[in-house]
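As stored in target_13.cif (mmCIF, C-alpha atoms):
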data_model
loop_
_atom_site.label_atom_id
_atom_site.label_comp_id
_atom_site.auth_asym_id
_atom_site.auth_seq_id
_atom_site.Cartn_x
_atom_site.Cartn_y
_atom_site.Cartn_z
CA MET A 1 188.80 36.50 -86.96
CA PRO A 2 186.76 37.80 -89.92
CA ALA A 3 184.26 40.54 -89.23
CA ALA A 4 181.44 38.28 -90.41
CA ASP A 5 182.25 35.78 -87.62
CA THR A 6 182.15 38.44 -84.89
CA PRO A 7 178.96 38.05 -82.81
CA SER A 8 176.63 41.01 -83.05
CA TYR A 9 175.03 42.08 -79.78
CA GLY A 10 173.05 44.94 -81.32
CA PRO A 11 169.74 43.06 -81.82
CA LEU A 12 170.00 41.50 -78.38
CA ILE A 13 170.57 44.89 -76.75
CA GLU A 14 167.68 46.37 -78.70
CA ARG A 15 165.35 43.59 -77.53
CA GLU A 16 166.45 44.06 -73.93
CA LEU A 17 165.89 47.81 -74.17
CA ALA A 18 162.47 47.32 -75.72
CA ALA A 19 161.50 44.88 -72.94
CA TRP A 20 162.76 47.31 -70.32
CA ARG A 21 160.74 50.15 -71.85
CA ARG A 22 157.59 48.02 -71.85
CA SER A 23 158.16 47.05 -68.22
CA ALA A 24 158.88 50.66 -67.25
CA GLY A 25 155.66 51.76 -68.95
CA ARG A 26 153.60 49.17 -67.06
CA TYR A 27 155.24 50.02 -63.74
CA SER A 28 154.67 53.73 -64.37
CA LEU A 29 150.96 53.11 -64.90
CA ILE A 30 150.77 51.03 -61.71
CA LEU A 31 152.66 53.61 -59.64
CA GLY A 32 150.55 56.38 -61.15
CA GLY A 33 147.37 54.54 -60.19
CA ILE A 34 148.66 54.07 -56.64
CA ALA A 35 149.56 57.76 -56.34
CA VAL A 36 146.15 58.88 -57.63
CA SER A 37 144.39 56.52 -55.20
CA CYS A 38 146.39 57.85 -52.26
CA TRP A 39 145.69 61.44 -53.30
CA TYR A 40 141.97 60.79 -53.79
CA ALA A 41 141.73 59.14 -50.37
CA GLY A 42 143.32 62.19 -48.72
CA LEU A 43 146.55 60.48 -47.70
CA PHE A 44 148.57 63.48 -48.88
CA GLU A 45 146.58 66.01 -46.81
CA GLY A 46 149.41 66.65 -44.36
CA LYS A 47 147.73 69.63 -42.69
CA ARG A 48 144.58 67.67 -41.94
CA LEU A 49 146.59 64.77 -40.55
CA TYR A 50 148.72 67.10 -38.45
CA GLU A 51 145.66 68.85 -37.00
CA GLY A 52 144.24 65.47 -35.97
CA LEU A 53 147.26 64.53 -33.87
CA PRO A 54 146.11 66.44 -30.73
CA SER A 55 142.75 64.63 -30.80
CA ILE A 56 144.49 61.28 -31.13
CA ALA A 57 146.84 62.13 -28.27
CA HIS A 58 143.89 63.25 -26.10
CA LEU A 59 141.98 60.03 -26.80
CA ALA A 60 145.06 57.94 -26.08
CA GLY A 61 145.45 59.75 -22.76
CA GLU A 62 141.85 58.91 -21.81
CA MET A 63 142.56 55.23 -22.50
CA LEU A 64 145.38 55.04 -19.96
CA PRO A 65 145.77 53.22 -17.69
CA PRO A 66 143.70 50.25 -18.90
CA ASP A 67 140.85 49.29 -16.58
CA PHE A 68 140.64 45.52 -15.98
CA HIS A 69 138.04 45.64 -13.22
CA GLN A 70 135.47 43.88 -15.42
CA ALA A 71 137.95 41.31 -16.76
CA GLY A 72 136.13 38.44 -15.07
CA SER A 73 133.04 39.09 -17.15
CA TRP A 74 135.07 38.93 -20.39
CA ILE A 75 136.04 35.26 -20.06
CA LYS A 76 132.83 33.94 -21.64
CA PRO A 77 132.86 36.52 -24.51
CA VAL A 78 136.48 35.58 -25.29
CA LEU A 79 135.53 31.89 -25.38
CA ASP A 80 132.55 32.77 -27.58
CA THR A 81 134.87 34.57 -29.97
CA LEU A 82 137.29 31.65 -30.06
CA THR A 83 134.60 29.03 -30.64
CA MET A 84 132.95 31.26 -33.23
CA SER A 85 136.17 31.37 -35.25
CA VAL A 86 136.71 27.60 -34.99
CA ALA A 87 133.11 26.72 -35.94
CA GLY A 88 133.10 29.23 -38.81
CA THR A 89 136.32 27.74 -40.20
CA VAL A 90 134.94 24.20 -39.95
CA VAL A 91 131.81 25.23 -41.86
CA ALA A 92 133.97 26.87 -44.52
CA VAL A 93 136.23 23.85 -45.00
CA LEU A 94 133.36 21.35 -45.17
CA PHE A 95 131.59 23.28 -47.92
CA SER A 96 134.72 24.51 -49.69
CA ILE A 97 136.07 21.07 -50.60
CA PRO A 98 133.12 19.99 -52.82
CA LEU A 99 132.83 23.48 -54.32
CA ALA A 100 136.57 23.52 -55.04
CA LEU A 101 136.36 20.13 -56.78
CA LEU A 102 133.52 21.46 -58.93
CA GLY A 103 135.34 24.76 -59.48
CA ALA A 104 138.66 23.27 -60.63
CA ARG A 105 139.02 22.64 -64.37
CA ASN A 106 140.74 19.27 -63.93
CA THR A 107 138.11 17.84 -61.55
CA SER A 108 134.85 19.53 -62.55
CA PRO A 109 132.60 17.03 -64.36
CA HIS A 110 131.04 19.65 -66.66
CA PRO A 111 131.81 23.24 -67.79
CA VAL A 112 128.39 24.41 -66.56
CA LEU A 113 129.08 23.07 -63.07
CA TYR A 114 132.51 24.72 -63.21
CA GLN A 115 130.97 28.11 -63.97
CA VAL A 116 128.26 27.69 -61.32
CA ALA A 117 130.82 26.73 -58.67
CA ARG A 118 133.13 29.61 -59.56
CA GLY A 119 130.22 32.04 -59.60
CA SER A 120 129.08 30.83 -56.18
CA LEU A 121 132.58 31.30 -54.74
CA ASN A 122 132.75 34.80 -56.23
CA LEU A 123 129.35 35.69 -54.78
CA LEU A 124 130.21 34.49 -51.28
CA ARG A 125 133.56 36.23 -51.40
CA SER A 126 132.13 39.53 -52.57
CA VAL A 127 129.75 40.03 -49.61
CA PRO A 128 131.67 41.25 -46.51
CA GLU A 129 131.25 39.15 -43.40
CA LEU A 130 130.04 42.24 -41.52
CA ILE A 131 127.07 42.58 -43.87
CA MET A 132 126.37 38.86 -43.57
CA GLY A 133 126.54 39.23 -39.79
CA ILE A 134 123.88 41.96 -39.83
CA ILE A 135 121.65 39.82 -42.05
CA PHE A 136 122.00 36.71 -39.89
CA VAL A 137 121.47 38.65 -36.66
CA ALA A 138 118.17 39.86 -38.12
CA ALA A 139 117.33 36.31 -39.24
CA VAL A 140 118.29 34.13 -36.25
CA GLY A 141 118.76 36.64 -33.43
CA PHE A 142 121.69 37.64 -31.26
CA GLY A 143 124.47 35.30 -30.15
CA SER A 144 127.31 33.34 -31.67
CA LEU A 145 125.24 31.51 -34.30
CA PRO A 146 124.88 34.46 -36.71
CA GLY A 147 128.61 35.11 -36.37
CA VAL A 148 129.44 31.49 -37.21
CA LEU A 149 127.15 31.58 -40.27
CA ALA A 150 128.57 34.89 -41.48
CA LEU A 151 132.20 33.86 -41.02
CA GLY A 152 131.57 30.43 -42.50
CA LEU A 153 129.79 31.61 -45.65
CA HIS A 154 132.25 34.40 -46.37
CA SER A 155 135.17 32.04 -45.76
CA ILE A 156 133.77 29.50 -48.23
CA GLY A 157 134.35 32.04 -51.00
CA MET A 158 138.02 32.54 -50.08
CA VAL A 159 138.92 29.03 -48.93
CA GLY A 160 137.13 27.43 -51.89
CA LYS A 161 139.03 29.63 -54.33
CA PHE A 162 142.39 28.72 -52.79
CA PHE A 163 141.45 25.03 -52.74
CA ALA A 164 140.40 25.13 -56.40
CA GLU A 165 143.62 26.88 -57.44
CA ALA A 166 145.68 24.28 -55.57
CA ILE A 167 143.78 21.44 -57.25
CA GLU A 168 144.29 22.93 -60.72
CA HIS A 169 148.07 23.08 -60.19
CA VAL A 170 148.64 19.46 -59.15
CA ASP A 171 151.29 17.36 -60.89
CA PRO A 172 149.45 15.45 -63.66
CA ALA A 173 151.82 12.45 -63.56
CA PRO A 174 150.38 10.82 -60.40
CA VAL A 175 146.88 11.54 -61.66
CA GLU A 176 147.57 9.80 -64.96
CA ALA A 177 149.13 6.87 -63.11
CA VAL A 178 145.98 6.39 -61.03
CA LYS A 179 143.80 6.69 -64.16
CA ALA A 180 145.91 4.01 -65.87
CA THR A 181 144.83 1.51 -63.22
CA GLY A 182 141.21 1.91 -64.31
CA ALA A 183 140.23 3.93 -61.24
CA THR A 184 136.93 5.79 -61.12
CA ARG A 185 136.73 9.59 -61.02
CA ALA A 186 136.26 9.52 -57.24
CA GLN A 187 139.27 7.24 -56.81
CA VAL A 188 141.39 9.49 -59.01
CA ILE A 189 140.49 12.47 -56.82
CA LEU A 190 141.02 10.51 -53.61
CA HIS A 191 144.34 8.88 -54.51
CA GLY A 192 145.82 11.08 -57.23
CA ILE A 193 144.81 14.67 -56.37
CA LEU A 194 143.99 15.07 -52.68
CA PRO A 195 147.32 13.64 -51.39
CA GLN A 196 149.15 16.30 -53.42
CA VAL A 197 147.13 19.24 -52.15
CA LEU A 198 146.48 18.26 -48.53
CA PRO A 199 149.47 20.23 -47.13
CA GLN A 200 148.34 23.36 -49.00
CA LEU A 201 144.75 22.85 -47.88
CA ALA A 202 145.91 22.54 -44.28
CA ASP A 203 147.91 25.77 -44.58
CA VAL A 204 144.91 27.62 -46.01
CA MET A 205 142.66 26.23 -43.28
CA VAL A 206 144.97 27.39 -40.49
CA TYR A 207 145.48 30.83 -42.02
CA ARG A 208 141.72 31.23 -42.40
CA TRP A 209 141.16 30.28 -38.77
CA GLU A 210 143.60 33.03 -37.74
CA TYR A 211 141.74 35.51 -39.93
CA ASN A 212 138.34 34.37 -38.65
CA PHE A 213 139.38 34.97 -35.05
CA ARG A 214 140.19 38.60 -35.87
CA ALA A 215 136.98 38.95 -37.88
CA SER A 216 134.91 37.40 -35.09
CA THR A 217 135.79 40.33 -32.82
CA VAL A 218 134.10 42.58 -35.39
CA MET A 219 131.07 40.28 -35.52
CA GLY A 220 130.35 41.16 -31.91
CA MET A 221 129.88 44.78 -32.89
CA VAL A 222 126.75 43.89 -34.88
CA GLY A 223 125.25 41.76 -32.12
CA ALA A 224 126.84 38.40 -32.90
CA GLY A 225 128.28 38.02 -29.41
CA GLY A 226 131.87 37.61 -28.36
CA ILE A 227 134.40 40.07 -27.03
CA GLY A 228 133.55 42.51 -29.82
CA PHE A 229 130.13 43.01 -28.24
CA GLU A 230 131.81 44.01 -24.96
CA LEU A 231 134.13 46.35 -26.85
CA MET A 232 131.21 48.06 -28.56
CA ALA A 233 129.32 48.39 -25.27
CA SER A 234 132.31 50.14 -23.66
CA LEU A 235 132.69 52.45 -26.65
CA ARG A 236 129.03 53.47 -26.49
CA ILE A 237 129.35 54.66 -22.91
CA MET A 238 132.80 56.16 -23.60
CA GLN A 239 134.64 54.00 -21.06
CA TYR A 240 137.92 54.39 -22.92
CA ARG A 241 140.09 52.88 -20.17
CA GLU A 242 137.96 49.77 -20.36
CA VAL A 243 138.21 49.87 -24.16
CA SER A 244 142.00 49.82 -23.97
CA ALA A 245 141.86 46.85 -21.57
CA ILE A 246 139.61 44.91 -23.96
CA LEU A 247 141.94 45.74 -26.85
CA LEU A 248 144.86 44.34 -24.86
CA VAL A 249 142.87 41.16 -24.22
CA ILE A 250 142.13 40.88 -27.95
CA LEU A 251 145.83 41.44 -28.72
CA ALA A 252 146.80 38.66 -26.31
CA MET A 253 144.26 36.29 -27.87
CA VAL A 254 145.36 37.12 -31.42
CA THR A 255 148.98 36.47 -30.42
CA MET A 256 147.97 33.12 -28.91
CA VAL A 257 145.98 32.13 -32.00
CA ASP A 258 148.85 33.14 -34.31
CA GLY A 259 151.27 31.05 -32.26
CA SER A 260 148.93 28.05 -32.32
CA GLY A 261 148.50 28.46 -36.07
CA ALA A 262 152.27 28.52 -36.62
CA ARG A 263 152.67 25.29 -34.64
CA LEU A 264 149.87 23.63 -36.60
CA ARG A 265 151.45 24.63 -39.91
CA ARG A 266 154.79 23.12 -38.83
CA ARG A 267 153.04 19.86 -37.97
CA PHE A 268 151.34 19.69 -41.36
CA LYS A 269 154.63 20.08 -43.26
#

Is it possible to give me this structure as structure tokens?
Amino acid sequence: MPAADTPSYGPLIERELAAWRRSAGRYSLILGGIAVSCWYAGLFEGKRLYEGLPSIAHLAGEMLPPDFHQAGSWIKPVLDTLTMSVAGTVVAVLFSIPLALLGARNTSPHPVLYQVARGSLNLLRSVPELIMGIIFVAAVGFGSLPGVLALGLHSIGMVGKFFAEAIEHVDPAPVEAVKATGATRAQVILHGILPQVLPQLADVMVYRWEYNFRASTVMGMVGAGGIGFELMASLRIMQYREVSAILLVILAMVTMVDGSGARLRRRFK
């Protein structure tokens, strides 16, 4: 075979090497940033961590064995925590759907409304639910209501973003088919978009409920009721055996909620 007909792999190898060098450079920057963050946060201070081990061991010893003598009085706080997470998730889903439709490029009726919706989702997502809990406790008083409002509003920012992203990535073919029938904008959304994204929306809703249950235990620490309030009360009076018992109750409830969420996700598939 003539030399001119022999395939040349030189340019291909050079392109592959150049791509590898670019990737290696990006990964080096990422790894360098991670290392600097860990160093700045003190994660590499081995001596300090080692010196803290005796204190951790002493505290763990004071927490054993768990004291369940007050377990009967924790039933209502646990139910408060559970209902708080459910109600907060419902509030988030109800408000997230219209905001997601306004915040998705393919369903938003106007660019201004798109920017307003996206900005609102960013704002709600940027304020931690703990800060919202403190604000709502000051506004409406103690109890589950401020926890529901805090969890719901913060969740709108996250759930709405996921809903909007799912809507923007729908298959355009069914949407165009519905439009071809002369359907209105609302009918296009109802019959061409929502059926495609409902399984993803259900997954997001269940995952957010699981997260809200964990977050609702923290809400109790700022006066929003629930089992977190009991945990904080035990910590204040240094009843560490009771603290460990409450933590075990929270662990059992989180495990139950995670199991329920997994079963719900299987049903939605």

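Nearest residue to A:Asn122, choosing from A:Ile134, A:Leu151, A:Val159, A:Val90 and counting all atoms listed in the file: A:Val159.
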
re atom CA of A:Met132 and atom CA of A:Gly147: distance 8.4 Å

Got a sec: who's within 7 Å of stretch 52-66 of chain A, counting all atoms listed in the file, leaving out chain neighbours fewer than 6 positions off, as a short mmCIF file (atom, residue, chain, number, x, y, z; two decimals) with C-alpha atoms, in the frame of the given file?
data_model
loop_
_atom_site.label_atom_id
_atom_site.label_comp_id
_atom_site.auth_asym_id
_atom_site.auth_seq_id
_atom_site.Cartn_x
_atom_site.Cartn_y
_atom_site.Cartn_z
CA TYR A 240 137.92 54.39 -22.92
CA ARG A 241 140.09 52.88 -20.17
CA GLU A 242 137.96 49.77 -20.36
CA SER A 244 142.00 49.82 -23.97
CA ALA A 245 141.86 46.85 -21.57
#

Check: Which is closer to A:Val175 than all the others in A:Asn106, A:Tyr50, A:Glu210, A:Gly157, using only C-alpha atoms?
Finding: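 Using only C-alpha atoms, A:Val175 sits closest to A:Asn106.
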
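The shell of residues at most 8 Å from A:Ala177, with all atoms listed in the file counted and near chain neighbours (fewer than 4 positions) removed, consists of Ala173, Thr181 and Gly192 of chain A.
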
request  = Go through A:Ala138, A:Tyr207, A:Ala100, A:Gly223 and flag the residue nearest A:Ala166, using only C-alpha atoms for the distances.
outcome  =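 So, comparing all the options, the nearest one is A:Ala100.
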
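Residues surrounding A:Phe136 within 12 Å are Glu129, Leu130, Phe142, Gly143, Ser144, Leu145, Pro146, Gly147, Val148, Leu149, Ala150, Leu151, Gly152, Leu153, Met219, Val222, Gly223 and Ala224 of chain A [all atoms listed in the file; sequence separation below 6 positions excluded].
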
Point to revise | Test item: the PyMOL selection byres ((chain A and resi 169) around 10) resolved as a ChimeraX atom specification | key: /A:104-106,164-168,170-172,193,196-197

Using the chain letters and numbers from the file, which residues does the PyMOL selection byres ((chain A and resi 260-267) around 8) grab, as a count of residues only?
11
